[in-house]
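Novice: This one is upload17.cif, mmCIF, N, CA and C atoms.
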```cif
data_run
#
loop_
_atom_site.group_PDB
_atom_site.id
_atom_site.type_symbol
_atom_site.label_atom_id
_atom_site.label_comp_id
_atom_site.auth_asym_id
_atom_site.auth_seq_id
_atom_site.Cartn_x
_atom_site.Cartn_y
_atom_site.Cartn_z
ATOM 1 N N MET G 1 118.217 134.832 110.176
ATOM 2 C CA MET G 1 118.996 135.313 111.279
ATOM 3 C C MET G 1 120.462 135.365 110.899
ATOM 4 N N ALA G 2 121.100 136.388 111.324
ATOM 5 C CA ALA G 2 122.515 136.563 111.016
ATOM 6 C C ALA G 2 123.347 135.601 111.852
ATOM 7 N N GLY G 3 124.304 134.979 111.211
ATOM 8 C CA GLY G 3 125.223 134.115 111.928
ATOM 9 C C GLY G 3 124.736 132.690 112.147
ATOM 10 N N SER G 4 123.511 132.403 111.778
ATOM 11 C CA SER G 4 123.031 131.027 111.981
ATOM 12 C C SER G 4 123.322 130.210 110.727
ATOM 13 N N ARG G 5 123.759 129.002 110.952
ATOM 14 C CA ARG G 5 124.067 128.111 109.835
ATOM 15 C C ARG G 5 123.127 126.927 109.866
ATOM 16 N N LYS G 6 122.684 126.542 108.696
ATOM 17 C CA LYS G 6 121.817 125.368 108.604
ATOM 18 C C LYS G 6 122.675 124.113 108.557
ATOM 19 N N LYS G 7 122.222 123.114 109.285
ATOM 20 C CA LYS G 7 122.882 121.817 109.229
ATOM 21 C C LYS G 7 122.401 121.090 107.986
ATOM 22 N N ARG G 8 123.315 120.617 107.216
ATOM 23 C CA ARG G 8 122.946 119.871 106.022
ATOM 24 C C ARG G 8 122.658 118.428 106.420
ATOM 25 N N GLN G 9 121.503 117.940 106.004
ATOM 26 C CA GLN G 9 121.148 116.562 106.279
ATOM 27 C C GLN G 9 121.960 115.663 105.356
ATOM 28 N N GLU G 10 122.778 114.827 105.936
ATOM 29 C CA GLU G 10 123.581 113.909 105.148
ATOM 30 C C GLU G 10 122.855 112.581 105.012
ATOM 31 N N TRP G 11 123.093 111.926 103.912
ATOM 32 C CA TRP G 11 122.489 110.629 103.674
ATOM 33 C C TRP G 11 123.140 109.605 104.596
ATOM 34 N N SER G 12 122.320 108.747 105.144
ATOM 35 C CA SER G 12 122.808 107.682 106.010
ATOM 36 C C SER G 12 122.300 106.347 105.481
ATOM 37 N N TRP G 13 123.186 105.369 105.425
ATOM 38 C CA TRP G 13 122.811 104.046 104.938
ATOM 39 C C TRP G 13 121.865 103.350 105.897
ATOM 40 N N TRP G 14 121.784 103.825 107.128
ATOM 41 C CA TRP G 14 120.852 103.256 108.096
ATOM 42 C C TRP G 14 119.411 103.406 107.620
ATOM 43 N N ARG G 15 119.132 104.410 106.862
ATOM 44 C CA ARG G 15 117.754 104.666 106.414
ATOM 45 C C ARG G 15 117.249 103.622 105.431
ATOM 46 N N LEU G 16 118.150 102.856 104.867
ATOM 47 C CA LEU G 16 117.711 101.772 103.987
ATOM 48 C C LEU G 16 116.973 100.684 104.762
ATOM 49 N N LEU G 17 117.204 100.610 106.069
ATOM 50 C CA LEU G 17 116.459 99.645 106.883
ATOM 51 C C LEU G 17 114.963 99.922 106.856
ATOM 52 N N LEU G 18 114.590 101.172 106.654
ATOM 53 C CA LEU G 18 113.174 101.521 106.603
ATOM 54 C C LEU G 18 112.485 100.929 105.380
ATOM 55 N N LEU G 19 113.245 100.684 104.329
ATOM 56 C CA LEU G 19 112.668 100.081 103.124
ATOM 57 C C LEU G 19 112.286 98.621 103.341
ATOM 58 N N VAL G 20 112.975 97.954 104.239
ATOM 59 C CA VAL G 20 112.710 96.542 104.488
ATOM 60 C C VAL G 20 111.255 96.329 104.887
ATOM 61 N N GLN G 21 110.768 97.138 105.806
ATOM 62 C CA GLN G 21 109.400 96.943 106.274
ATOM 63 C C GLN G 21 108.369 97.246 105.187
ATOM 64 N N PHE G 22 108.643 98.197 104.330
ATOM 65 C CA PHE G 22 107.689 98.506 103.267
ATOM 66 C C PHE G 22 107.653 97.420 102.205
ATOM 67 N N ILE G 23 108.810 96.907 101.855
ATOM 68 C CA ILE G 23 108.857 95.833 100.860
ATOM 69 C C ILE G 23 108.169 94.580 101.386
ATOM 70 N N ALA G 24 108.355 94.302 102.667
ATOM 71 C CA ALA G 24 107.790 93.093 103.258
ATOM 72 C C ALA G 24 106.266 93.107 103.304
ATOM 73 N N VAL G 25 105.657 94.264 103.468
ATOM 74 C CA VAL G 25 104.190 94.307 103.569
ATOM 75 C C VAL G 25 103.503 94.810 102.302
ATOM 76 N N LEU G 26 104.244 95.354 101.376
ATOM 77 C CA LEU G 26 103.614 95.859 100.152
ATOM 78 C C LEU G 26 103.619 94.852 99.007
ATOM 79 N N TRP G 27 104.035 93.629 99.282
ATOM 80 C CA TRP G 27 104.012 92.595 98.263
ATOM 81 C C TRP G 27 103.091 91.458 98.730
ATOM 82 N N PRO G 28 101.769 91.603 98.496
ATOM 83 C CA PRO G 28 100.785 90.638 99.003
ATOM 84 C C PRO G 28 100.979 89.191 98.558
ATOM 85 N N PRO G 29 101.463 88.897 97.361
ATOM 86 C CA PRO G 29 101.625 87.476 97.017
ATOM 87 C C PRO G 29 102.535 86.717 97.987
ATOM 88 N N PHE G 30 103.376 87.426 98.694
ATOM 89 C CA PHE G 30 104.269 86.771 99.642
ATOM 90 C C PHE G 30 103.531 86.252 100.874
ATOM 91 N N TYR G 31 102.516 86.968 101.320
ATOM 92 C CA TYR G 31 101.845 86.587 102.570
ATOM 93 C C TYR G 31 100.344 86.335 102.417
ATOM 94 N N ASN G 32 99.859 86.231 101.209
ATOM 95 C CA ASN G 32 98.427 86.031 100.972
ATOM 96 C C ASN G 32 98.066 84.550 101.041
ATOM 97 N N ARG G 33 98.090 84.028 102.259
ATOM 98 C CA ARG G 33 97.716 82.631 102.484
ATOM 99 C C ARG G 33 97.275 82.450 103.931
ATOM 100 N N ALA G 34 96.659 81.330 104.209
ATOM 101 C CA ALA G 34 96.129 81.092 105.557
ATOM 102 C C ALA G 34 97.060 80.233 106.402
ATOM 103 N N GLU G 35 97.874 79.421 105.774
ATOM 104 C CA GLU G 35 98.764 78.522 106.514
ATOM 105 C C GLU G 35 100.185 79.050 106.446
ATOM 106 N N PRO G 36 100.992 78.895 107.433
ATOM 107 C CA PRO G 36 100.814 78.216 108.707
ATOM 108 C C PRO G 36 100.111 79.108 109.720
ATOM 109 N N ALA G 37 99.241 78.515 110.474
ATOM 110 C CA ALA G 37 98.516 79.249 111.510
ATOM 111 C C ALA G 37 99.349 79.293 112.792
ATOM 112 N N LEU G 38 99.201 80.354 113.530
ATOM 113 C CA LEU G 38 99.902 80.518 114.805
ATOM 114 C C LEU G 38 98.858 80.799 115.873
ATOM 115 N N ILE G 39 98.695 79.887 116.803
ATOM 116 C CA ILE G 39 97.695 79.977 117.866
ATOM 117 C C ILE G 39 96.299 80.193 117.263
ATOM 118 N N GLY G 40 96.015 79.503 116.172
ATOM 119 C CA GLY G 40 94.709 79.598 115.536
ATOM 120 C C GLY G 40 94.526 80.829 114.658
ATOM 121 N N MET G 41 95.538 81.673 114.569
ATOM 122 C CA MET G 41 95.441 82.890 113.757
ATOM 123 C C MET G 41 96.080 82.619 112.388
ATOM 124 N N PRO G 42 95.368 82.877 111.295
ATOM 125 C CA PRO G 42 95.939 82.642 109.960
ATOM 126 C C PRO G 42 97.214 83.456 109.724
ATOM 127 N N PHE G 43 98.049 82.927 108.843
ATOM 128 C CA PHE G 43 99.338 83.542 108.538
ATOM 129 C C PHE G 43 99.202 85.003 108.154
ATOM 130 N N PHE G 44 98.212 85.320 107.332
ATOM 131 C CA PHE G 44 98.023 86.690 106.870
ATOM 132 C C PHE G 44 97.974 87.680 108.028
ATOM 133 N N TYR G 45 97.223 87.330 109.064
ATOM 134 C CA TYR G 45 97.042 88.253 110.186
ATOM 135 C C TYR G 45 98.275 88.336 111.083
ATOM 136 N N TRP G 46 98.872 87.195 111.448
ATOM 137 C CA TRP G 46 100.009 87.296 112.350
ATOM 138 C C TRP G 46 101.246 87.830 111.642
ATOM 139 N N TYR G 47 101.344 87.649 110.333
ATOM 140 C CA TYR G 47 102.450 88.245 109.573
ATOM 141 C C TYR G 47 102.349 89.767 109.611
ATOM 142 N N GLN G 48 101.162 90.313 109.357
ATOM 143 C CA GLN G 48 100.953 91.758 109.393
ATOM 144 C C GLN G 48 101.208 92.317 110.797
ATOM 145 N N LEU G 49 100.704 91.633 111.797
ATOM 146 C CA LEU G 49 100.887 92.082 113.174
ATOM 147 C C LEU G 49 102.354 92.040 113.590
ATOM 148 N N SER G 50 103.070 91.031 113.153
ATOM 149 C CA SER G 50 104.491 90.962 113.502
ATOM 150 C C SER G 50 105.276 92.097 112.856
ATOM 151 N N TRP G 51 104.858 92.542 111.678
ATOM 152 C CA TRP G 51 105.568 93.646 111.028
ATOM 153 C C TRP G 51 105.296 94.990 111.694
ATOM 154 N N VAL G 52 104.234 95.092 112.435
ATOM 155 C CA VAL G 52 104.016 96.308 113.235
ATOM 156 C C VAL G 52 105.108 96.410 114.293
ATOM 157 N N VAL G 53 105.377 95.298 114.957
ATOM 158 C CA VAL G 53 106.413 95.275 115.996
ATOM 159 C C VAL G 53 107.801 95.424 115.375
ATOM 160 N N ILE G 54 108.080 94.669 114.313
ATOM 161 C CA ILE G 54 109.382 94.746 113.646
ATOM 162 C C ILE G 54 109.621 96.148 113.088
ATOM 163 N N GLY G 55 108.578 96.759 112.524
ATOM 164 C CA GLY G 55 108.698 98.117 111.990
ATOM 165 C C GLY G 55 109.034 99.129 113.070
ATOM 166 N N ALA G 56 108.443 98.976 114.239
ATOM 167 C CA ALA G 56 108.756 99.878 115.353
ATOM 168 C C ALA G 56 110.202 99.702 115.799
ATOM 169 N N ILE G 57 110.670 98.469 115.841
ATOM 170 C CA ILE G 57 112.056 98.214 116.231
ATOM 171 C C ILE G 57 113.022 98.779 115.197
ATOM 172 N N LEU G 58 112.740 98.561 113.911
ATOM 173 C CA LEU G 58 113.609 99.095 112.858
ATOM 174 C C LEU G 58 113.626 100.620 112.864
ATOM 175 N N THR G 59 112.475 101.218 113.096
ATOM 176 C CA THR G 59 112.409 102.679 113.151
ATOM 177 C C THR G 59 113.227 103.210 114.327
ATOM 178 N N ALA G 60 113.168 102.547 115.463
ATOM 179 C CA ALA G 60 113.957 102.958 116.625
ATOM 180 C C ALA G 60 115.445 102.807 116.346
ATOM 181 N N ILE G 61 115.840 101.730 115.700
ATOM 182 C CA ILE G 61 117.259 101.514 115.363
ATOM 183 C C ILE G 61 117.752 102.640 114.458
ATOM 184 N N VAL G 62 116.971 102.954 113.422
ATOM 185 C CA VAL G 62 117.380 104.027 112.498
ATOM 186 C C VAL G 62 117.414 105.372 113.213
ATOM 187 N N HIS G 63 116.459 105.623 114.072
ATOM 188 C CA HIS G 63 116.431 106.900 114.802
ATOM 189 C C HIS G 63 117.677 107.066 115.679
ATOM 190 N N PHE G 64 118.000 106.053 116.444
ATOM 191 C CA PHE G 64 119.150 106.158 117.338
ATOM 192 C C PHE G 64 120.481 106.109 116.602
ATOM 193 N N ALA G 65 120.523 105.417 115.464
ATOM 194 C CA ALA G 65 121.760 105.355 114.692
ATOM 195 C C ALA G 65 122.041 106.649 113.957
ATOM 196 N N THR G 66 120.995 107.382 113.592
ATOM 197 C CA THR G 66 121.185 108.632 112.846
ATOM 198 C C THR G 66 120.988 109.859 113.707
ATOM 199 N N ASP G 67 120.786 109.671 114.993
ATOM 200 C CA ASP G 67 120.587 110.791 115.907
ATOM 201 C C ASP G 67 121.864 111.613 115.986
ATOM 202 N N GLU G 68 121.743 112.902 115.737
ATOM 203 C CA GLU G 68 122.943 113.749 115.729
ATOM 204 C C GLU G 68 122.950 114.686 116.862
#
```
What do you get writing this file as structure tokens?
Specialist:
Amino acid sequence: MAGSRKKRQEWSWWRLLLLVQFIAVLWPPFYNRAEPALIGMPFFYWYQLSWVVIGAILTAIVHFATDE
């Protein structure tokens, strides 16, 4: 289209927050254990479940911080 300009996507340091969640769950030796248990649930399971919530929060932070 004539006269339309593309917006260039600029790099934002906020996007590095997204790496935190991947590093935390992609390194199994860090969380591959049963203790400490939380409400009878082994560490492995509640650690993974907590990162689902933390990942959603981090994704929302990055989305709103980089929203143009």
Novice: What is the distance between atom CA of G:Leu19 and atom C of G:Leu58, in Å to one decimal?
Specialist: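 Pair atom CA of G:Leu19 / atom C of G:Leu58 returns 9.8 Å.
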Novice: DSSP on the backbone: which residues in chain G end up as helix (DSSP H, G or I)? Give the answer as a PyMOL selection string.
Specialist: chain G and resi 13-25+28-30+43-66
Novice: For G:Ala56, work out the shell of residues within 12 Å, counting only C-alpha atoms and skipping chain neighbours fewer than 5 positions away, then give it as a count of residues only.
Specialist: 9
Novice: Can you work out the spacing between atom N of G:Met41 and atom C of G:Ala60 in Å, to one decimal?
Specialist: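 Value for the atom N of G:Met41-atom C of G:Ala60 distance: 29.1 Å.
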Novice: Hey, can you check how far atom C of G:Trp27 sits from atom N of G:Phe43?
Specialist: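 So the two atoms, atom C of G:Trp27 and atom N of G:Phe43, lie 14.2 Å apart.
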